[in-house]
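Enquirer: The structure follows.
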Amino acid sequence: MTDRRSELAANLDSVERRISAACAAAGRKRGEVTLVVVTKTYPASDVRVLSELGVRHVAENRDQEAAPKAAECADLPLSWHFVGQLQTNKVRSVVGYADVVQSVDRLKLVRTLSSAALRAERELGCLLQVALDAEHGGPARRGGAAPEQLPGLAEAVASAEGLRLDGVMTVAPLVGPYAGRESAAFERLMEISATLRSDHPAATMVSAGMSADLEEAIAAGATHVRVGTAVLGLRPQLR
Ligand SMILES: *Cc1c(COP(=O)(O)O)cnc(C)c1O
């Protein structure tokens, strides 16, 4: 094995052990949680190795970087998740490779995604990104819609051609009432998910938890964790 391959294999192993331990601690089955590896800033060659090591879901947050990477990896059995703030002028490109957009946060984006999905003759999974720091009127600093906007957004996705309402996503807030309180943030997301599911029973995905807080997310009930650093290493701009 090359150095990079053994490094990624060892990192994946340790993330897998963390996920398994968190599931066991929460009395959940390992199969209830899907690992999505966030490959942003890392090359297509790493994505290829991850695929060979058994990863099936990868995520990116910038179309400029993701589009060529996804094209280079088009032969691999991967699902691509888009997790970044999405400008409507990037939607056509994103719909060309993404299976799920986890960052749906406004009506205009829903309309644009729907027409792009129709044109591409694809069905696109959508998660509503919840800005927990925007509850009660604060600004959404890490993207997302305020919880009070979710019912309208959910209706819009559910009734839009080409789109499938899959669930909710959040990034634990750095400021506001949930800052430093990841468990409380993820529990709030689970309540929001339960409300959503009462109207849209198929919207069961709950995407929460990253390298630093995947245990808290799994304890709360997350179905998908998005892990970058713990698998690939510190990103260049974070070093
Ligand atoms: C980068 C990113 C992640 C992964 O973060 P790590 O701390 O590197 O695991 C997860 N979710 C989103 C939306 C991201 O942008």
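Starting from 1 in every chain, residues are counted up; chains themselves are A, B, ... following the order of the structure tokens, and ligands are numbered from 1 as listed.
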Could you list the protein, DNA and RNA residues that have any atom within 9 Å of ligand 1, counting only C-alpha atoms and all ligand atoms, and write them as number ranges by chain?
Expert: A: 36-40, 59-61, 82-85, 102-103, 142, 169-171, 207-214, 225-235
Enquirer: Those same residues, written as a short mmCIF file (atom, residue, chain, number, x, y, z; two decimals), in the first residue's frame with N, CA, C and O atoms?
Expert:
```
data_model
loop_
_atom_site.label_atom_id
_atom_site.label_comp_id
_atom_site.auth_asym_id
_atom_site.auth_seq_id
_atom_site.Cartn_x
_atom_site.Cartn_y
_atom_site.Cartn_z
N VAL A 36 -20.60 9.78 5.60
CA VAL A 36 -20.38 10.57 4.40
C VAL A 36 -19.02 11.25 4.58
O VAL A 36 -18.82 12.00 5.54
N VAL A 37 -18.08 10.94 3.71
CA VAL A 37 -16.74 11.52 3.86
C VAL A 37 -16.66 12.82 3.07
O VAL A 37 -16.94 12.86 1.87
N VAL A 38 -16.32 13.90 3.77
CA VAL A 38 -16.24 15.22 3.15
C VAL A 38 -14.84 15.39 2.56
O VAL A 38 -13.85 15.51 3.29
N THR A 39 -14.76 15.39 1.22
CA THR A 39 -13.46 15.33 0.53
C THR A 39 -12.99 16.70 0.04
O THR A 39 -11.99 16.77 -0.69
N LYS A 40 -13.68 17.77 0.44
CA LYS A 40 -13.29 19.12 -0.02
C LYS A 40 -11.82 19.40 0.27
O LYS A 40 -11.31 18.99 1.32
N ALA A 59 -18.86 13.99 0.09
CA ALA A 59 -19.50 15.30 0.08
C ALA A 59 -18.49 16.38 -0.26
O ALA A 59 -17.30 16.27 0.04
N GLU A 60 -19.02 17.41 -0.91
CA GLU A 60 -18.21 18.57 -1.32
C GLU A 60 -19.01 19.82 -1.00
O GLU A 60 -20.24 19.78 -0.92
N ASN A 61 -18.30 20.96 -0.86
CA ASN A 61 -19.03 22.18 -0.53
C ASN A 61 -18.85 23.32 -1.52
O ASN A 61 -19.43 24.38 -1.34
N PHE A 82 -23.92 17.39 -1.87
CA PHE A 82 -23.46 18.78 -1.88
C PHE A 82 -23.85 19.39 -0.54
O PHE A 82 -25.02 19.35 -0.15
N VAL A 83 -22.87 19.93 0.21
CA VAL A 83 -23.13 20.39 1.57
C VAL A 83 -22.82 21.87 1.79
O VAL A 83 -22.88 22.35 2.92
N GLY A 84 -22.49 22.60 0.72
CA GLY A 84 -22.11 24.01 0.90
C GLY A 84 -23.24 24.97 0.59
O GLY A 84 -24.28 24.57 0.06
N GLN A 85 -23.01 26.24 0.90
CA GLN A 85 -24.00 27.24 0.51
C GLN A 85 -24.03 27.27 -1.01
O GLN A 85 -23.00 27.34 -1.65
N GLN A 102 -27.63 18.76 0.47
CA GLN A 102 -27.96 18.79 1.91
C GLN A 102 -28.19 20.21 2.41
O GLN A 102 -28.51 20.40 3.58
N SER A 103 -28.03 21.19 1.55
CA SER A 103 -28.01 22.58 2.01
C SER A 103 -29.13 23.41 1.39
O SER A 103 -28.93 24.57 1.04
N ARG A 142 -23.81 30.11 9.34
CA ARG A 142 -23.20 28.97 8.63
C ARG A 142 -24.16 28.43 7.58
O ARG A 142 -24.13 27.27 7.22
N MET A 169 -30.61 18.72 7.77
CA MET A 169 -29.17 18.76 8.03
C MET A 169 -28.88 19.97 8.91
O MET A 169 -29.59 20.98 8.83
N THR A 170 -27.87 19.87 9.75
CA THR A 170 -27.40 21.08 10.43
C THR A 170 -25.89 21.00 10.66
O THR A 170 -25.29 19.93 10.61
N VAL A 171 -25.33 22.17 10.87
CA VAL A 171 -23.95 22.31 11.33
C VAL A 171 -24.08 22.93 12.72
O VAL A 171 -24.78 23.93 12.89
N SER A 207 -28.87 14.61 8.98
CA SER A 207 -27.43 14.74 8.75
C SER A 207 -26.85 15.71 9.77
O SER A 207 -27.15 16.90 9.77
N ALA A 208 -26.05 15.17 10.67
CA ALA A 208 -25.49 16.01 11.75
C ALA A 208 -24.23 15.35 12.25
O ALA A 208 -24.09 14.13 12.20
N GLY A 209 -23.31 16.15 12.74
CA GLY A 209 -22.09 15.58 13.30
C GLY A 209 -20.97 15.60 12.29
O GLY A 209 -21.16 15.24 11.13
N MET A 210 -19.81 16.07 12.73
CA MET A 210 -18.61 16.15 11.91
C MET A 210 -17.49 15.47 12.70
O MET A 210 -17.75 14.75 13.67
N SER A 211 -16.23 15.70 12.30
CA SER A 211 -15.13 15.00 12.96
C SER A 211 -15.16 15.17 14.48
O SER A 211 -14.89 14.25 15.24
N ALA A 212 -15.45 16.40 14.93
CA ALA A 212 -15.31 16.71 16.36
C ALA A 212 -16.52 16.28 17.19
O ALA A 212 -16.41 16.17 18.41
N ASP A 213 -17.68 16.08 16.55
CA ASP A 213 -18.88 15.88 17.35
C ASP A 213 -19.78 14.76 16.83
O ASP A 213 -20.98 14.76 17.06
N LEU A 214 -19.19 13.79 16.13
CA LEU A 214 -20.02 12.72 15.57
C LEU A 214 -20.67 11.86 16.66
O LEU A 214 -21.79 11.37 16.50
N VAL A 225 -23.48 11.06 9.27
CA VAL A 225 -22.46 11.94 9.81
C VAL A 225 -21.54 12.36 8.66
O VAL A 225 -21.28 11.57 7.75
N ARG A 226 -21.08 13.61 8.70
CA ARG A 226 -20.26 14.16 7.61
C ARG A 226 -18.86 14.39 8.16
O ARG A 226 -18.64 15.31 8.94
N VAL A 227 -17.93 13.52 7.75
CA VAL A 227 -16.61 13.55 8.39
C VAL A 227 -15.53 13.87 7.35
O VAL A 227 -15.39 13.16 6.36
N GLY A 228 -14.80 14.95 7.60
CA GLY A 228 -13.71 15.35 6.72
C GLY A 228 -12.36 15.09 7.36
O GLY A 228 -11.69 14.08 7.10
N THR A 229 -11.95 16.01 8.23
CA THR A 229 -10.63 15.99 8.85
C THR A 229 -10.22 14.65 9.43
O THR A 229 -9.08 14.22 9.24
N ALA A 230 -11.11 13.98 10.12
CA ALA A 230 -10.73 12.73 10.80
C ALA A 230 -10.40 11.62 9.81
O ALA A 230 -9.70 10.67 10.17
N VAL A 231 -10.86 11.75 8.56
CA VAL A 231 -10.50 10.74 7.55
C VAL A 231 -9.32 11.22 6.71
O VAL A 231 -8.37 10.47 6.46
N LEU A 232 -9.37 12.48 6.25
CA LEU A 232 -8.40 12.94 5.26
C LEU A 232 -7.23 13.71 5.86
O LEU A 232 -6.20 13.90 5.21
N GLY A 233 -7.37 14.21 7.08
CA GLY A 233 -6.33 15.03 7.69
C GLY A 233 -6.77 16.49 7.69
O GLY A 233 -7.79 16.84 7.11
N LEU A 234 -5.98 17.31 8.37
CA LEU A 234 -6.29 18.74 8.45
C LEU A 234 -6.26 19.34 7.05
O LEU A 234 -5.31 19.11 6.30
N ARG A 235 -7.28 20.13 6.72
CA ARG A 235 -7.30 20.78 5.41
C ARG A 235 -6.25 21.88 5.39
O ARG A 235 -5.98 22.51 6.40
#
```
Enquirer: What lies within 6 Å of Asp105 in chain A using only C-alpha atoms, ignoring chain neighbours under 3 positions off, as JSON, numbers by chain?
Expert: {"A": [128, 129, 144, 145]}
Enquirer: Per DSSP on the backbone, what are the alpha helix (DSSP H) residues of chain A, as a VMD selection string?
Expert: chain A and resid 3 to 25 44 to 52 63 to 72 91 to 95 107 to 120 150 to 159 182 to 199 214 to 220 229 to 232
Enquirer: Give me, as a ChimeraX atom specification, all polymer residues having an atom no more than 8 Å from Val49 in chain A, counting only C-alpha atoms and skipping those fewer than 3 positions away in the same chain.
Expert: /A:5,8,45-46,52-53
Enquirer: Which value, in Å to one decimal, gives the distance between CA of Arg119 in chain A and CA of Ala66 in chain A?
Expert: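 That distance, rounded to one decimal, is 20.4 Å.
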